[in-house]
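Structure file start35.txt (compact mmCIF, C-alpha atoms and all ligand atoms) follows.
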# COMPACT_ATOMS: atom_id res chain seq x y z
CA MET A 1 -11.07 -19.84 12.60
CA ARG A 2 -10.31 -17.40 9.78
CA HIS A 3 -8.19 -18.76 6.94
CA ILE A 4 -5.91 -16.10 5.52
CA ALA A 5 -4.24 -15.82 2.12
CA ILE A 6 -1.26 -13.44 2.12
CA LEU A 7 -0.18 -12.14 -1.27
CA GLY A 8 3.35 -10.80 -0.72
CA SER A 9 4.13 -12.81 2.42
CA THR A 10 7.91 -12.25 2.28
CA GLY A 11 7.75 -8.44 2.47
CA SER A 12 7.43 -5.98 5.32
CA ILE A 13 3.62 -6.22 5.61
CA GLY A 14 3.59 -9.93 4.77
CA THR A 15 6.04 -10.92 7.51
CA GLN A 16 4.28 -8.73 10.08
CA THR A 17 0.97 -10.34 9.13
CA LEU A 18 2.52 -13.74 9.82
CA GLN A 19 3.64 -12.46 13.24
CA VAL A 20 0.04 -11.49 14.01
CA ILE A 21 -1.20 -14.91 12.85
CA GLU A 22 1.49 -16.73 14.85
CA ALA A 23 0.48 -14.84 17.98
CA ASN A 24 -3.20 -15.82 17.51
CA PRO A 25 -3.19 -19.49 16.42
CA GLU A 26 -6.68 -20.07 17.82
CA GLN A 27 -8.11 -17.34 15.55
CA PHE A 28 -6.18 -17.59 12.29
CA SER A 29 -4.61 -20.09 9.98
CA VAL A 30 -2.69 -19.57 6.74
CA SER A 31 -4.30 -20.97 3.60
CA VAL A 32 -2.10 -19.44 0.91
CA LEU A 33 1.18 -17.53 0.66
CA SER A 34 2.79 -15.79 -2.30
CA ALA A 35 6.06 -14.02 -3.05
CA HIS A 36 7.85 -12.86 -6.16
CA SER A 37 11.29 -14.51 -6.05
CA ASN A 38 12.30 -15.02 -2.40
CA ASP A 39 11.98 -18.82 -2.44
CA SER A 40 14.14 -19.41 0.62
CA LEU A 41 12.04 -17.24 2.97
CA LEU A 42 8.86 -18.65 1.43
CA GLU A 43 10.12 -22.17 2.16
CA GLU A 44 10.69 -21.25 5.82
CA GLN A 45 7.15 -19.85 5.92
CA ILE A 46 5.77 -23.09 4.42
CA GLU A 47 7.50 -25.14 7.15
CA LYS A 48 6.05 -22.94 9.88
CA PHE A 49 2.53 -22.18 8.62
CA ARG A 50 1.73 -25.18 6.37
CA PRO A 51 -0.37 -23.40 3.71
CA GLU A 52 -2.25 -25.45 1.11
CA LEU A 53 -0.87 -23.41 -1.76
CA VAL A 54 2.14 -21.14 -2.37
CA VAL A 55 2.98 -19.10 -5.44
CA LEU A 56 6.21 -17.56 -6.66
CA THR A 57 5.47 -15.20 -9.53
CA ASP A 58 9.06 -15.54 -10.70
CA LYS A 59 9.02 -18.83 -12.59
CA SER A 60 12.66 -19.74 -12.02
CA ALA A 61 12.27 -19.17 -8.27
CA ALA A 62 9.23 -21.48 -8.33
CA GLU A 63 11.24 -24.13 -10.20
CA ARG A 64 14.06 -23.87 -7.63
CA LEU A 65 11.62 -24.39 -4.78
CA ALA A 66 9.72 -27.20 -6.51
CA LYS A 67 12.98 -29.10 -7.10
CA ARG A 68 13.98 -29.26 -3.46
CA TYR A 69 10.61 -29.19 -1.65
CA LYS A 70 9.14 -32.59 -0.75
CA GLY A 71 6.12 -31.62 1.39
CA LYS A 72 2.37 -31.42 0.76
CA THR A 73 1.98 -27.72 -0.12
CA ARG A 74 1.15 -27.11 -3.78
CA ILE A 75 3.54 -24.77 -5.61
CA LEU A 76 2.41 -22.60 -8.52
CA SER A 77 4.13 -19.85 -10.45
CA GLY A 78 3.55 -16.77 -12.57
CA GLU A 79 0.62 -14.40 -12.77
CA GLU A 80 -1.81 -17.29 -13.37
CA GLY A 81 -0.58 -18.81 -10.12
CA LEU A 82 -1.19 -15.53 -8.31
CA ILE A 83 -4.80 -15.51 -9.53
CA GLU A 84 -5.20 -19.08 -8.21
CA ALA A 85 -3.76 -17.87 -4.91
CA ALA A 86 -6.28 -15.02 -4.77
CA ILE A 87 -9.32 -17.28 -5.31
CA HIS A 88 -8.29 -20.35 -3.29
CA PRO A 89 -11.53 -21.84 -1.90
CA ARG A 90 -10.24 -22.25 1.66
CA SER A 91 -9.46 -18.54 2.25
CA HIS A 92 -11.87 -16.18 3.99
CA ILE A 93 -9.61 -13.13 3.83
CA VAL A 94 -7.05 -12.15 1.20
CA LEU A 95 -4.46 -9.75 2.57
CA THR A 96 -2.86 -7.90 -0.32
CA ALA A 97 0.71 -7.20 0.80
CA LEU A 98 2.37 -7.23 -2.59
CA VAL A 99 3.78 -4.02 -3.95
CA GLY A 100 2.63 -2.03 -6.96
CA PHE A 101 0.19 -2.38 -9.84
CA ALA A 102 0.83 -6.14 -9.81
CA GLY A 103 -1.77 -6.25 -7.02
CA LEU A 104 -4.66 -5.15 -9.22
CA ARG A 105 -5.62 -8.34 -11.06
CA PRO A 106 -5.35 -10.72 -8.08
CA THR A 107 -7.37 -8.27 -5.96
CA LEU A 108 -10.12 -8.18 -8.59
CA ALA A 109 -10.02 -11.97 -8.80
CA ALA A 110 -10.33 -12.27 -5.01
CA ILE A 111 -13.29 -9.89 -5.04
CA SER A 112 -15.01 -11.93 -7.76
CA ALA A 113 -14.45 -15.01 -5.59
CA LYS A 114 -16.16 -13.11 -2.73
CA LYS A 115 -13.15 -12.96 -0.43
CA THR A 116 -12.91 -10.21 2.17
CA ILE A 117 -10.01 -7.98 1.17
CA ALA A 118 -7.55 -6.69 3.78
CA LEU A 119 -5.91 -4.09 1.59
CA ALA A 120 -2.33 -2.96 2.11
CA ASN A 121 -1.56 -2.71 -1.63
CA LYS A 122 -2.70 0.91 -2.06
CA GLU A 123 -1.56 1.05 -5.72
CA THR A 124 -4.56 -1.14 -6.63
CA LEU A 125 -7.07 1.46 -5.43
CA VAL A 126 -5.05 4.32 -6.87
CA ALA A 127 -4.89 2.80 -10.34
CA ALA A 128 -8.40 1.41 -10.48
CA GLY A 129 -10.40 2.74 -7.52
CA GLU A 130 -13.68 3.02 -9.37
CA ILE A 131 -13.52 -0.47 -10.87
CA VAL A 132 -12.35 -2.13 -7.64
CA THR A 133 -14.90 -0.46 -5.36
CA LYS A 134 -17.72 -1.14 -7.85
CA ALA A 135 -16.71 -4.82 -8.04
CA ALA A 136 -16.61 -5.00 -4.23
CA LYS A 137 -20.09 -3.53 -3.98
CA GLU A 138 -21.52 -5.87 -6.63
CA ASN A 139 -19.99 -8.90 -4.92
CA HIS A 140 -20.94 -7.71 -1.38
CA VAL A 141 -17.27 -7.85 -0.43
CA ALA A 142 -15.72 -5.68 2.27
CA ILE A 143 -12.41 -3.92 1.67
CA ILE A 144 -10.78 -3.42 5.07
CA PRO A 145 -7.87 -0.97 5.04
CA VAL A 146 -4.47 -2.03 6.37
CA ASP A 147 -2.61 1.20 5.52
CA SER A 148 -2.13 2.88 8.91
CA GLU A 149 -3.86 6.18 8.06
CA HIS A 150 -6.84 4.49 6.43
CA SER A 151 -7.14 1.99 9.25
CA ALA A 152 -7.15 4.96 11.65
CA ILE A 153 -9.93 6.67 9.69
CA PHE A 154 -11.85 3.40 9.36
CA GLN A 155 -11.61 2.93 13.14
CA CYS A 156 -12.76 6.53 13.78
CA LEU A 157 -15.71 6.03 11.42
CA GLN A 158 -17.15 2.99 13.23
CA GLY A 159 -20.68 4.00 14.21
CA ILE A 160 -20.44 7.33 12.34
CA ASN A 161 -22.80 8.19 9.50
CA MET A 162 -20.82 9.59 6.54
CA THR A 163 -23.28 12.50 6.32
CA SER A 164 -21.77 13.67 9.65
CA VAL A 165 -18.23 13.79 8.22
CA ARG A 166 -16.80 17.16 7.16
CA LYS A 167 -13.30 16.03 6.25
CA LEU A 168 -10.65 13.39 6.65
CA LEU A 169 -7.28 14.51 8.03
CA LEU A 170 -4.52 12.25 6.73
CA THR A 171 -1.38 12.56 8.80
CA ALA A 172 2.06 12.42 7.16
CA SER A 173 5.40 12.02 8.89
CA GLY A 174 6.99 14.33 6.30
CA GLY A 175 9.61 11.65 5.62
CA PRO A 176 13.37 11.84 6.12
CA PHE A 177 13.71 15.08 4.09
CA ARG A 178 10.96 17.11 5.76
CA THR A 179 13.29 19.92 6.78
CA LEU A 180 15.45 20.06 3.61
CA ASN A 181 15.19 22.70 0.88
CA LYS A 182 15.28 22.06 -2.86
CA GLU A 183 19.01 22.74 -3.11
CA GLN A 184 19.74 20.18 -0.39
CA LEU A 185 17.43 17.64 -2.05
CA LYS A 186 19.62 17.70 -5.19
CA THR A 187 22.28 15.68 -3.44
CA VAL A 188 20.34 13.16 -1.35
CA GLY A 189 21.09 9.53 -2.12
CA VAL A 190 19.32 6.19 -1.86
CA SER A 191 20.64 5.38 1.61
CA ASP A 192 19.47 8.80 2.98
CA CYS A 193 16.09 8.15 1.43
CA LEU A 194 15.72 4.71 3.01
CA LYS A 195 16.06 6.11 6.55
CA HIS A 196 12.42 6.71 7.39
CA PRO A 197 12.11 8.55 10.72
CA ASN A 198 9.41 6.31 12.20
CA TRP A 199 8.53 3.28 10.11
CA SER A 200 10.48 0.28 8.85
CA MET A 201 8.96 -0.62 5.47
CA GLY A 202 9.77 -1.98 2.01
CA LYS A 203 12.00 0.13 -0.23
CA LYS A 204 9.37 1.37 -2.67
CA ILE A 205 7.03 2.81 -0.05
CA THR A 206 9.98 4.25 1.88
CA VAL A 207 11.04 6.26 -1.19
CA ASP A 208 7.38 7.26 -1.69
CA SER A 209 7.31 8.60 1.87
CA ALA A 210 10.37 10.72 1.15
CA THR A 211 8.86 12.30 -2.00
CA LEU A 212 5.38 12.55 -0.37
CA ALA A 213 4.10 10.48 -3.32
CA ASN A 214 3.02 8.03 -0.61
CA LYS A 215 0.73 10.67 0.85
CA GLY A 216 -0.54 11.43 -2.65
CA LEU A 217 -1.31 7.75 -3.23
CA GLU A 218 -3.02 7.70 0.17
CA VAL A 219 -5.22 10.69 -0.71
CA ILE A 220 -6.50 8.81 -3.76
CA GLU A 221 -6.81 5.59 -1.71
CA ALA A 222 -8.92 7.48 0.87
CA ARG A 223 -11.15 8.98 -1.84
CA TRP A 224 -12.15 5.47 -2.93
CA LEU A 225 -12.18 3.69 0.42
CA PHE A 226 -14.43 6.25 2.08
CA ASP A 227 -16.28 7.64 -0.98
CA VAL A 228 -15.43 11.30 -0.22
CA SER A 229 -14.43 14.14 -2.54
CA TYR A 230 -10.84 15.39 -2.80
CA ASP A 231 -11.94 18.66 -1.14
CA GLN A 232 -12.78 16.60 1.93
CA ILE A 233 -9.27 15.16 2.28
CA GLU A 234 -6.56 17.23 3.95
CA VAL A 235 -2.98 16.22 4.56
CA ILE A 236 -1.30 17.43 7.72
CA VAL A 237 2.30 16.74 8.63
CA HIS A 238 2.70 15.20 12.10
CA PRO A 239 6.36 14.18 12.38
CA GLN A 240 5.87 11.95 15.44
CA SER A 241 3.55 9.48 13.60
CA ILE A 242 1.54 8.82 16.77
CA ILE A 243 -1.77 10.19 15.52
CA HIS A 244 -2.37 7.91 12.57
CA SER A 245 -5.16 10.07 11.10
CA MET A 246 -8.29 11.96 12.08
CA VAL A 247 -11.88 12.64 11.07
CA GLU A 248 -13.50 16.05 11.48
CA LEU A 249 -17.26 15.93 11.93
CA ILE A 250 -19.81 18.58 10.89
CA ASP A 251 -20.19 19.77 14.49
CA GLY A 252 -16.46 20.52 14.73
CA CYS A 253 -15.58 17.49 16.84
CA VAL A 254 -12.42 15.68 15.72
CA LEU A 255 -11.91 11.92 16.19
CA ALA A 256 -8.39 10.52 16.08
CA GLN A 257 -6.74 7.12 16.35
CA LEU A 258 -3.40 7.01 18.15
CA GLY A 259 -0.79 4.35 18.70
CA LEU A 260 2.87 3.52 18.38
CA PRO A 261 4.06 3.29 14.77
CA ASP A 262 3.66 -0.47 14.45
CA MET A 263 1.87 -1.94 11.42
CA ARG A 264 0.89 -5.06 13.35
CA ALA A 265 -1.90 -3.04 15.00
CA PRO A 266 -3.78 -2.12 11.77
CA ILE A 267 -2.99 -5.56 10.31
CA GLN A 268 -4.53 -7.29 13.33
CA TYR A 269 -7.56 -5.01 13.27
CA ALA A 270 -8.15 -5.81 9.59
CA LEU A 271 -8.00 -9.54 10.37
CA THR A 272 -10.21 -9.47 13.49
CA TYR A 273 -12.69 -6.81 12.28
CA PRO A 274 -15.32 -6.09 13.53
CA GLU A 275 -13.97 -7.66 16.74
CA ARG A 276 -10.74 -6.77 18.53
CA SER A 277 -8.17 -9.05 20.16
CA THR A 278 -5.62 -8.48 22.90
CA ALA A 279 -2.16 -7.66 21.55
CA ASN A 280 1.27 -7.07 22.99
CA PHE A 281 2.81 -4.75 20.42
CA GLY A 282 3.81 -2.12 22.94
CA ARG A 283 1.69 0.63 24.43
CA LEU A 284 1.69 4.40 24.22
CA ASP A 285 3.05 6.02 27.37
CA PHE A 286 1.76 9.59 27.28
CA SER A 287 4.08 10.65 30.10
CA LYS A 288 7.00 9.97 27.73
CA ILE A 289 5.66 11.85 24.68
CA LYS A 290 7.35 15.25 24.68
CA SER A 291 5.32 16.92 21.96
CA PHE A 292 2.75 16.50 19.25
CA THR A 293 3.45 18.90 16.39
CA PHE A 294 1.70 19.69 13.12
CA GLU A 295 2.60 21.62 9.99
CA GLN A 296 1.44 22.12 6.41
CA PRO A 297 3.12 19.92 3.80
CA ASP A 298 5.41 21.95 1.53
CA THR A 299 3.97 21.17 -1.88
CA ASP A 300 6.32 23.61 -3.65
CA ILE A 301 9.15 21.26 -2.73
CA PHE A 302 7.28 17.95 -2.53
CA THR A 303 5.30 18.36 -5.72
CA ALA A 304 4.29 14.69 -5.93
CA LEU A 305 1.57 15.39 -3.36
CA SER A 306 -0.07 18.18 -5.38
CA MET A 307 0.29 16.12 -8.58
CA ALA A 308 -1.63 13.28 -6.91
CA TYR A 309 -4.49 15.65 -6.04
CA GLU A 310 -4.40 16.94 -9.62
CA ALA A 311 -4.47 13.41 -11.07
CA GLY A 312 -7.22 12.36 -8.67
CA ARG A 313 -9.39 15.37 -9.54
CA LYS A 314 -8.91 14.81 -13.27
CA GLY A 315 -10.00 11.22 -12.65
CA GLY A 316 -10.24 8.52 -15.32
CA ALA A 317 -6.85 6.95 -15.94
CA PHE A 318 -4.81 9.91 -14.59
CA PRO A 319 -4.25 8.33 -11.14
CA CYS A 320 -3.17 5.13 -12.92
CA VAL A 321 -0.65 7.15 -14.95
CA PHE A 322 0.58 8.92 -11.78
CA ASN A 323 1.10 5.54 -10.14
CA ALA A 324 2.85 3.88 -13.08
CA ALA A 325 5.24 6.77 -13.71
CA ASN A 326 6.06 6.85 -10.01
CA GLU A 327 6.72 3.08 -9.87
CA ILE A 328 9.15 3.28 -12.78
CA ALA A 329 10.86 6.41 -11.45
CA VAL A 330 11.29 4.93 -7.96
CA GLN A 331 12.81 1.76 -9.43
CA ALA A 332 15.24 3.88 -11.45
CA PHE A 333 16.15 5.95 -8.39
CA LEU A 334 16.72 2.82 -6.30
CA SER A 335 19.02 1.41 -8.96
CA GLY A 336 21.04 4.61 -9.08
CA LYS A 337 19.96 5.71 -12.57
CA ILE A 338 18.31 9.01 -11.64
CA GLU A 339 18.43 11.60 -8.86
CA PHE A 340 15.82 12.03 -6.15
CA LEU A 341 14.25 15.16 -7.68
CA HIS A 342 13.90 13.44 -11.03
CA ILE A 343 11.15 11.21 -9.59
CA ALA A 344 8.69 14.12 -9.49
CA ASP A 345 9.88 15.38 -12.92
CA ILE A 346 9.08 12.00 -14.44
CA ILE A 347 5.60 11.92 -12.92
CA ARG A 348 4.97 15.47 -14.20
CA SER A 349 6.11 14.54 -17.70
CA SER A 350 3.70 11.58 -17.89
CA LEU A 351 0.74 13.51 -16.49
CA ASN A 352 1.33 16.36 -18.96
CA ALA A 353 1.65 14.09 -21.98
CA PHE A 354 -1.20 11.69 -21.20
CA GLU A 355 -4.15 11.92 -23.55
CA ALA A 356 -7.17 10.68 -21.68
CA SER A 357 -9.87 8.58 -23.26
CA ASP A 358 -13.41 8.62 -21.90
CA SER A 359 -13.55 4.99 -20.87
CA VAL A 360 -12.34 3.74 -17.52
CA THR A 361 -12.49 0.05 -18.34
CA LEU A 362 -9.88 -2.34 -16.99
CA GLU A 363 -8.51 -2.61 -20.53
CA ALA A 364 -8.13 1.18 -20.77
CA LEU A 365 -6.33 1.26 -17.41
CA LEU A 366 -3.96 -1.52 -18.43
CA GLN A 367 -3.16 0.47 -21.56
CA ALA A 368 -2.67 3.70 -19.61
CA ASP A 369 -0.39 1.87 -17.17
CA ALA A 370 1.70 0.43 -20.02
CA TRP A 371 1.82 3.80 -21.77
CA ALA A 372 3.04 5.61 -18.64
CA ARG A 373 5.68 2.97 -17.92
CA LYS A 374 7.05 3.36 -21.45
CA ARG A 375 6.96 7.16 -21.27
CA ALA A 376 8.72 7.15 -17.90
CA ALA A 377 11.37 4.74 -19.20
CA GLU A 378 12.00 7.08 -22.15
CA ASP A 379 12.34 10.05 -19.79
CA ILE A 380 14.79 8.07 -17.67
CA ALA A 381 16.81 7.11 -20.75
CA SER A 382 17.04 10.76 -21.76
CA LEU A 383 18.37 11.65 -18.30
CA THR A 384 21.08 9.01 -18.24
N1 LIG B 401 5.53 -1.67 4.72
C1 LIG B 401 4.61 -0.96 5.33
O1 LIG B 401 4.71 -0.66 6.53
C2 LIG B 401 3.40 -0.50 4.57
C3 LIG B 401 3.15 -0.92 3.28
N2 LIG B 401 2.01 -0.56 2.64
C4 LIG B 401 1.76 -1.03 1.29
O2 LIG B 401 1.79 -2.46 1.32
C5 LIG B 401 2.33 -2.99 0.11
C6 LIG B 401 3.56 -3.86 0.44
O3 LIG B 401 4.56 -3.04 0.97
P1 LIG B 401 5.86 -3.66 1.66
O4 LIG B 401 5.46 -4.83 2.49
O5 LIG B 401 6.53 -2.52 2.29
O6 LIG B 401 6.67 -4.14 0.38
P2 LIG B 401 7.92 -5.14 0.33
O7 LIG B 401 8.74 -4.69 -0.82
O8 LIG B 401 8.56 -5.27 1.65
O9 LIG B 401 7.24 -6.55 -0.02
C7 LIG B 401 6.63 -6.77 -1.26
C8 LIG B 401 6.09 -8.18 -1.37
O10 LIG B 401 5.50 -8.34 -2.65
C9 LIG B 401 6.22 -9.34 -3.41
N3 LIG B 401 6.31 -8.82 -4.78
C10 LIG B 401 7.14 -7.86 -5.24
N4 LIG B 401 6.92 -7.63 -6.54
C11 LIG B 401 5.94 -8.49 -6.93
C12 LIG B 401 5.30 -8.77 -8.17
N5 LIG B 401 5.60 -8.09 -9.28
N6 LIG B 401 4.35 -9.73 -8.20
C13 LIG B 401 4.03 -10.40 -7.08
N7 LIG B 401 4.60 -10.20 -5.88
C14 LIG B 401 5.55 -9.25 -5.80
C15 LIG B 401 7.56 -9.47 -2.73
O11 LIG B 401 8.13 -10.75 -2.97
P3 LIG B 401 9.75 -10.99 -2.89
O12 LIG B 401 10.09 -10.82 -1.44
O13 LIG B 401 9.93 -12.37 -3.39
O14 LIG B 401 10.35 -9.93 -3.77
C16 LIG B 401 7.15 -9.26 -1.27
O15 LIG B 401 6.58 -10.42 -0.76
C17 LIG B 401 2.66 -1.77 -0.77
O16 LIG B 401 1.60 -1.50 -1.62
C18 LIG B 401 2.80 -0.63 0.26
O17 LIG B 401 2.51 0.63 -0.29
C19 LIG B 401 1.08 0.25 3.22
C20 LIG B 401 1.29 0.73 4.49
C21 LIG B 401 2.46 0.41 5.25
C1 LIG B 402 2.95 2.85 7.87
C2 LIG B 402 2.22 3.49 6.79
O1 LIG B 402 1.02 3.46 6.72
C3 LIG B 402 2.98 4.22 5.77
O2 LIG B 402 2.19 4.51 4.63
C4 LIG B 402 3.43 5.45 6.46
O3 LIG B 402 2.32 6.25 6.64
C5 LIG B 402 4.47 6.15 5.73
O4 LIG B 402 4.72 7.32 6.36
P1 LIG B 402 4.61 8.75 5.70
O5 LIG B 402 3.60 9.47 6.51
O6 LIG B 402 6.01 9.25 5.88
O7 LIG B 402 4.23 8.60 4.26
MN MN B 403 0.29 4.82 5.22
Could you render the structure from this file as C-alpha cells?
Ligand SMILES: NC(=O)C1=CN([C@@H]2O[C@H](COP(=O)(O)OP(=O)(O)OC[C@H]3O[C@@H](n4cnc5c(N)ncnc54)[C@H](OP(=O)(O)O)[C@@H]3O)[C@@H](O)[C@H]2O)C=CC1
Ligand SMILES: CC(=O)[C@@H](O)[C@H](O)COP(=O)(O)O
Ligand SMILES: [Mn+2]
Amino acid sequence: MRHIAILGSTGSIGTQTLQVIEANPEQFSVSVLSAHSNDSLLEEQIEKFRPELVVLTDKSAAERLAKRYKGKTRILSGEEGLIEAAIHPRSHIVLTALVGFAGLRPTLAAISAKKTIALANKETLVAAGEIVTKAAKENHVAIIPVDSEHSAIFQCLQGINMTSVRKLLLTASGGPFRTLNKEQLKTVGVSDCLKHPNWSMGKKITVDSATLANKGLEVIEARWLFDVSYDQIEVIVHPQSIIHSMVELIDGCVLAQLGLPDMRAPIQYALTYPERSTANFGRLDFSKIKSFTFEQPDTDIFTALSMAYEAGRKGGAFPCVFNAANEIAVQAFLSGKIEFLHIADIIRSSLNAFEASDSVTLEALLQADAWARKRAAEDIASLT
C-alpha cells in the first residue's frame, strides 16, 4: 500500500489524482491533503478519503473548516502547515499539484524528509531546478514527472542510457490561438483563452498554454528532470495532443508515447512507477484518428517560448524571474487588468531589467522572485 500526500487536492490535477486513488483502493491510500481556500471541497475529500492531516493555506478557510468539522483528521493552516503536510511521516509519495512558486518550499521539505516526489508543479523546477535536483540527489529521492510531456519522455527513456539520446521532442498543442496573427491576438479575452482545444486544466496553466509560456516552462522543466542541454530540447506543435512527447536517439530512431489527452494516465504512472496497473481511462482507436500533424511554433508571435529558452540559457535566477513575472501577469490578465499580449511584454520587461547575482542559493531565488513580482506589478500599474 502506498500512502499518498496530495498538495493541491482541490484543483484539476488534485481531483484527478483522487480519482486514480479511488479506482485503486488496494494500492493507494491518502495520508494528507492540502488546498488553499476551498474548504468545502476539502471537507468532502476528508469524508471520502479519511486523511490523517489536511491543510488550508488560507487561515480563515482553515478556521471555517475547524469550526464545523468534528472528525479525527487534523487540520492545519498557513505555509507552516503546508510544510507539515509535505513531511508527514505516513506518506511515501508527495504529489505536488499546487500551482505556482508556492510549491517550492514544500517540495524541498518533502525531499529533505526523503519522500518520493510525483511532480506536477512545474514552477518549482523552473524557479529552482538546480537546487531541487541537487537536493533530490543528495537525499536519494526520485522525482517522477506528472506533466504529460515529461511523463511521456520519462516513459520513453525507461531502459535507455542517456548517452544514446540526441534530443527530446516536446510536443505542444499550440493552444487556442495557434492560428491567430498578432492583430487578432490584440482582442482575445479571458473566456477565449480558457478554451483549451484538448485539455481541461486549471486557469493559470490554461492561459500559459495560450501564450506558449507553458511550453517554455516545460522546456526548463525538461532540462532539469532529464539533465540535458537546451540545445537538446526541441518544441514541435502537434495540435491533436495524442503524441505526448518523443525522444530521438543517436541512431536516428524516435521513441514516442501516445494516448488520449487524459492526465489520469501520467498521474497513475507516477504513483505506480516502476510498475503499471490496469486502467479504464479510455483507449486510443487508431481507426478514428484522421490525421497527425506537426508544425514549428511561431516564436515571433508567441514570444514567451523564446524568452523561456533565453532565461534558461542565461541560467541562475533568470528562469525564476521568468516564472514570477509570468505568474503575476497571468493573474492580472485573468482579473481583467491587462490584455493578452501584455503578458509577454511584462515577462520581457522583467528579464531585461533583472541584474543577476552570481549565487543561486535559495535565498537569492526568493529575492529574485520577490523582485520580479514587484517589477511586474509596477508594469501592470503603468498599463492600467
Ligand atoms: N491541470 C493539468 O492538467 C496540468 C497541470 N500541471 C501543473 O500542475 C499544477 C496544478 O495545476 P492545476 O491542477 O491545473 O491547478 P488548479 O488551479 O486547478 O489547482 C491548484 C491547487 O493548488 C491550490 N493552491 C492554489 N494556490 C495555492 C497557494 N498559494 N498555496 C497552496 N495551495 C494553493 C488550490 O487550492 P484551492 O482550490 O483552495 O484554490 C488547488 O488545490 C500547476 O503547476 C500546473 O502547471 C501540469 C500538467 C497538467
Ligand atoms: C496536460 C499537460 O501536460 C499540459 O501541460 C498540456 O501540455 C498543455 O498543453 P499545451 O501543449 O497547449 O501547452
Ligand atoms: Mn504539459
Can you check which parts of chain A lie within 7 Å of ligand LIG 401 (chain B)? Per residue, the shortest pair of atoms and distance in Å to one decimal, counting only C-alpha atoms and all ligand atoms, sorted by chain and number, as a tab-separated table.
residue	atom	partner	partner_atom	distance
A:Leu7	CA	B:LIG401	N7	6.9
A:Gly8	CA	B:LIG401	O15	3.3
A:Ser9	CA	B:LIG401	O15	4.7
A:Thr10	CA	B:LIG401	O15	3.8
A:Gly11	CA	B:LIG401	O9	3.2
A:Ser12	CA	B:LIG401	O4	3.6
A:Ile13	CA	B:LIG401	O4	3.9
A:Gly14	CA	B:LIG401	O4	5.9
A:Ser34	CA	B:LIG401	O15	6.8
A:Ala35	CA	B:LIG401	O11	3.9
A:His36	CA	B:LIG401	O13	3.5
A:Ser37	CA	B:LIG401	O13	3.7
A:Asn38	CA	B:LIG401	O13	3.7
A:Asp39	CA	B:LIG401	O13	6.8
A:Thr57	CA	B:LIG401	C13	5.6
A:Ala97	CA	B:LIG401	C6	4.4
A:Leu98	CA	B:LIG401	O10	3.3
A:Val99	CA	B:LIG401	C17	4.1
A:Gly100	CA	B:LIG401	O16	5.5
A:Ala102	CA	B:LIG401	N5	5.2
A:Ala120	CA	B:LIG401	O2	4.2
A:Asn121	CA	B:LIG401	O16	3.4
A:Lys122	CA	B:LIG401	O16	4.9
A:Glu123	CA	B:LIG401	O16	5.8
A:Val146	CA	B:LIG401	C20	6.7
A:Asp147	CA	B:LIG401	C20	4.1
A:Ser148	CA	B:LIG401	C20	6.0
A:Trp199	CA	B:LIG401	O1	6.6
A:Ser200	CA	B:LIG401	O1	6.3
A:Met201	CA	B:LIG401	N1	3.7
A:Gly202	CA	B:LIG401	O5	3.3
A:Lys203	CA	B:LIG401	O7	5.8
A:Lys204	CA	B:LIG401	O7	6.4
A:Ile205	CA	B:LIG401	O17	5.0
A:Met263	CA	B:LIG401	O1	5.8
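Across the structure, CA of Ala329 (chain A) and CA of Ile346 (chain A) are spaced 6.6 Å apart.
Computed from the coordinates, the CA of Glu43 (chain A) to CA of His92 (chain A) distance equals 22.9 Å.
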Residues contacting ligand LIG 402 (chain B) - anything with an atom at most 9 Å away, using all atoms listed in the file - can you give me those as a VMD selection string?
chain A and resid 120 146 to 151 170 to 176 196 to 201 205 to 206 208 to 216 218 237 to 239 241 244 261 to 263 266
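Among the candidate residues A:Ala85, A:Ala376, A:Leu271, A:Ile75, the one lying nearest to Ile144 (chain A) is A:Leu271, with distances computed using only C-alpha atoms.
Taking only C-alpha atoms and all ligand atoms into account, ligand MN 403 (chain B) lies nearest to A:Ala222 out of the set A:Ala324, A:Met1, A:Ala222, A:Leu185.
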Could you check how far CA of Thr384 (chain A) sits from CA of Met307 (chain A), in Å to one decimal?
24.0 Å
